[in-house]
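Reproduced below: final-v5.tsv, with TSV, C-alpha atoms.
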```
chain	number	residue	atom	x	y	z
A	185	MET	CA	111.54	102.90	79.91
A	186	LYS	CA	113.50	106.11	79.59
A	187	ASN	CA	113.06	109.10	81.88
A	188	ARG	CA	112.23	111.16	78.79
A	189	ASP	CA	109.05	109.09	78.39
A	190	ILE	CA	108.02	110.15	81.89
A	191	PHE	CA	108.78	113.77	81.00
A	192	ILE	CA	106.62	113.54	77.86
A	193	SER	CA	103.80	111.96	79.84
A	194	ALA	CA	104.05	114.76	82.41
A	195	LEU	CA	103.84	117.35	79.64
A	196	HIS	CA	100.67	115.73	78.33
A	197	LEU	CA	99.18	115.79	81.84
A	198	ILE	CA	99.62	119.56	81.99
A	199	GLY	CA	98.38	120.11	78.46
A	200	GLU	CA	101.72	120.89	76.85
A	201	ASN	CA	103.02	119.73	73.49
A	202	ALA	CA	106.13	117.59	73.85
A	203	ASP	CA	107.63	119.06	70.66
A	204	ALA	CA	107.18	122.71	71.59
A	205	GLU	CA	110.33	124.77	72.04
A	206	GLU	CA	108.80	126.76	74.91
A	207	ASN	CA	109.11	123.64	77.09
A	208	LEU	CA	112.90	123.94	77.43
A	209	ASP	CA	112.51	125.22	81.00
A	210	TYR	CA	110.44	122.15	81.86
A	211	GLU	CA	113.04	119.91	80.25
A	212	GLU	CA	115.82	121.52	82.29
A	213	ARG	CA	113.93	121.10	85.59
A	214	THR	CA	112.69	117.54	85.07
A	215	PRO	CA	115.97	115.71	85.90
A	216	TYR	CA	115.94	117.35	89.34
A	217	LEU	CA	112.27	116.54	89.86
A	218	LEU	CA	112.83	112.90	88.88
A	219	ALA	CA	115.66	112.69	91.40
A	220	ALA	CA	113.39	114.18	94.07
A	221	PHE	CA	110.68	111.64	93.24
A	222	CYS	CA	113.12	108.74	93.36
A	223	SER	CA	114.60	109.90	96.65
A	224	GLU	CA	111.12	110.22	98.14
A	225	ALA	CA	109.88	106.86	96.84
A	226	ALA	CA	113.04	104.78	97.29
A	227	THR	CA	111.80	102.92	100.37
A	228	THR	CA	108.52	102.03	98.69
A	229	ASP	CA	110.31	100.84	95.55
A	230	ALA	CA	112.63	98.67	97.65
A	231	ALA	CA	109.67	97.10	99.48
A	232	TYR	CA	107.80	96.58	96.20
A	233	ARG	CA	110.84	94.92	94.61
A	234	GLU	CA	111.30	92.66	97.61
A	235	TYR	CA	107.61	91.66	97.48
A	236	LYS	CA	107.71	91.02	93.71
A	237	LYS	CA	111.14	89.34	93.95
A	238	LEU	CA	112.70	91.80	91.52
A	239	ASP	CA	116.36	92.78	91.40
A	240	LYS	CA	117.36	95.67	93.62
A	241	THR	CA	117.24	99.16	92.16
A	242	SER	CA	120.45	100.30	90.57
A	243	SER	CA	121.94	103.33	92.26
A	244	PHE	CA	120.78	106.73	91.09
A	245	ASP	CA	121.90	110.29	91.62
A	246	SER	CA	119.72	111.88	94.28
A	247	VAL	CA	120.22	115.34	92.76
A	248	SER	CA	119.67	114.89	89.02
A	249	ILE	CA	118.72	111.93	86.83
A	250	PRO	CA	119.32	112.39	83.08
A	251	LEU	CA	116.30	112.24	80.80
A	252	ASP	CA	118.01	109.82	78.44
A	253	ALA	CA	118.77	107.32	81.23
A	254	ASP	CA	116.55	104.37	82.12
A	255	PHE	CA	113.96	104.95	84.83
A	256	PRO	CA	115.58	103.41	87.93
A	257	PHE	CA	112.40	102.08	89.56
A	258	ALA	CA	109.98	99.28	88.75
A	259	GLU	CA	107.54	99.98	85.90
A	260	ARG	CA	104.74	100.17	88.49
A	261	PHE	CA	106.06	103.61	89.54
A	262	VAL	CA	106.01	105.24	86.10
A	263	HIS	CA	102.52	106.73	86.39
A	264	ALA	CA	103.20	108.08	89.88
A	265	ALA	CA	106.46	109.63	88.67
A	266	SER	CA	104.66	111.30	85.74
A	267	LEU	CA	102.05	112.76	88.09
A	268	TYR	CA	104.72	114.02	90.50
A	269	VAL	CA	106.78	115.65	87.75
A	270	ALA	CA	103.70	117.25	86.19
A	271	ALA	CA	102.55	118.65	89.54
A	272	MET	CA	105.96	120.11	90.31
A	273	LEU	CA	106.49	121.57	86.84
A	274	ILE	CA	103.44	123.84	87.13
A	275	ILE	CA	103.34	124.48	90.85
A	276	ASP	CA	104.05	128.21	90.36
A	277	GLU	CA	101.98	128.67	87.20
A	278	ASN	CA	98.76	126.84	88.05
A	279	ALA	CA	98.52	125.94	91.73
A	280	GLU	CA	95.03	124.45	91.38
A	281	LEU	CA	96.04	121.97	88.67
A	282	SER	CA	99.28	121.25	90.50
A	283	ASP	CA	97.32	120.38	93.65
A	284	LYS	CA	95.02	118.06	91.71
A	285	LEU	CA	97.95	116.29	90.09
A	286	PHE	CA	99.77	116.02	93.41
A	287	ASP	CA	96.66	114.48	95.00
A	288	LYS	CA	96.57	111.92	92.18
A	289	TYR	CA	100.27	111.23	92.76
A	290	CYS	CA	99.57	110.64	96.47
A	291	ASP	CA	96.71	108.29	95.56
A	292	ALA	CA	98.94	106.40	93.10
A	293	MET	CA	101.64	105.93	95.73
A	294	ALA	CA	99.07	104.88	98.34
A	295	THR	CA	97.74	102.28	95.91
A	296	ILE	CA	101.23	100.89	95.35
A	297	GLU	CA	101.90	100.82	99.08
A	298	ALA	CA	98.60	99.01	99.68
A	299	GLU	CA	99.70	96.24	97.28
A	300	ILE	CA	102.76	95.47	99.39
A	301	PRO	CA	102.00	93.03	102.22
A	302	LEU	CA	103.08	93.95	105.71
A	303	LYS	CA	106.15	92.31	107.19
A	304	ILE	CA	106.10	91.15	110.78
A	305	GLU	CA	109.25	92.15	112.57
A	306	LYS	CA	110.40	92.08	116.16
A	307	ILE	CA	109.73	95.16	118.21
A	308	ALA	CA	112.69	96.61	120.02
A	309	ASP	CA	112.22	97.10	123.77
A	310	ARG	CA	113.20	100.74	124.15
A	311	TYR	CA	111.59	101.39	127.52
A	312	GLY	CA	113.18	98.68	129.63
A	313	ALA	CA	111.23	95.93	131.24
A	314	PHE	CA	110.68	95.48	134.94
```
With the file now loaded, output its structure as structure tokens.
Amino acid sequence: MKNRDIFISALHLIGENADAEENLDYEERTPYLLAAFCSEAATTDAAYREYKKLDKTSSFDSVSIPLDADFPFAERFVHAASLYVAAMLIIDENAELSDKLFDKYCDAMATIEAEIPLKIEKIADRYGAF
């Protein structure tokens, strides 16, 4: 899946036409928002890939990810990414809708995180034993 597909989905979530010329500002901002999403969700994607035995994520630019590039995360993260981008695109124009979309993004990420089983690891003794 291409990042442009996530951008188009985000536009639909905020009620915008993907073909409209007035969306050029949104198109310019989306690569930065996708990079922010990927930076924020990288740990969850890595845990999800380990659980599902998928290949590791290819490296991505943490500042800007081109719209015509492939989405760097597992397909499971596409909906969450669309919600995040949509919420951030309209944060200044329609705070109420942005908040609703951001809440849905948080729910989507929580659902993904809940699917990943916990790993038991040793606890480091940081306090010193008697």
Shell of 7 Å around stretch 242-251 of chain A, all atoms listed in the file, local chain residues under 6 positions omitted, as a PyMOL selection string | chain A and resi 186-188+215-216+218-220+223
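Checking A:Ile274, A:Leu281, A:Cys222, A:Ile192 one by one against A:Phe255, counting only C-alpha atoms, you find the shortest gap at A:Cys222.
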Grab the atom CA of A:Ala258 to atom CA of A:Glu305 distance for me, in Å with one decimal place.
->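 For atom CA of A:Ala258 relative to atom CA of A:Glu305, the distance reads 24.9 Å.
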In the coordinates of the file, take the point (113.0, 99.8, 93.1) and a cut-off of 12 Å; then, counting all atoms listed in the file, name each qualifying protein, DNA or RNA residue as a PyMOL selection string.
-> chain A and resi 222-244+255-262
Store the residues picked out above, limited to C-alpha atoms, as a short mmCIF file (atom, residue, chain, number, x, y, z; two decimals), in the coordinates of the input.
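In the end it all went to part.cif:
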```
data_model
loop_
_atom_site.label_atom_id
_atom_site.label_comp_id
_atom_site.auth_asym_id
_atom_site.auth_seq_id
_atom_site.Cartn_x
_atom_site.Cartn_y
_atom_site.Cartn_z
CA CYS A 222 113.12 108.74 93.36
CA SER A 223 114.60 109.90 96.65
CA GLU A 224 111.12 110.22 98.14
CA ALA A 225 109.88 106.86 96.84
CA ALA A 226 113.04 104.78 97.29
CA THR A 227 111.80 102.92 100.37
CA THR A 228 108.52 102.03 98.69
CA ASP A 229 110.31 100.84 95.55
CA ALA A 230 112.63 98.67 97.65
CA ALA A 231 109.67 97.10 99.48
CA TYR A 232 107.80 96.58 96.20
CA ARG A 233 110.84 94.92 94.61
CA GLU A 234 111.30 92.66 97.61
CA TYR A 235 107.61 91.66 97.48
CA LYS A 236 107.71 91.02 93.71
CA LYS A 237 111.14 89.34 93.95
CA LEU A 238 112.70 91.80 91.52
CA ASP A 239 116.36 92.78 91.40
CA LYS A 240 117.36 95.67 93.62
CA THR A 241 117.24 99.16 92.16
CA SER A 242 120.45 100.30 90.57
CA SER A 243 121.94 103.33 92.26
CA PHE A 244 120.78 106.73 91.09
CA PHE A 255 113.96 104.95 84.83
CA PRO A 256 115.58 103.41 87.93
CA PHE A 257 112.40 102.08 89.56
CA ALA A 258 109.98 99.28 88.75
CA GLU A 259 107.54 99.98 85.90
CA ARG A 260 104.74 100.17 88.49
CA PHE A 261 106.06 103.61 89.54
CA VAL A 262 106.01 105.24 86.10
#
```
Students should find that atom CA of A:Glu206 and atom CA of A:Asp287 are spaced 26.5 Å
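Pairwise distance (atom CA of A:Ile190, atom CA of A:Ser266) equals 5.2 Å.
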Shell around stretch 196-203 of chain A at 10 Å using only C-alpha atoms, local window under 2 positions removed, as a count of residues only | 21
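Between A:Phe221 and the residues A:Ala308, A:Met185, A:Ala204, A:Met272, the shortest atom-to-atom distance, using all atoms listed in the file, involves A:Met272.
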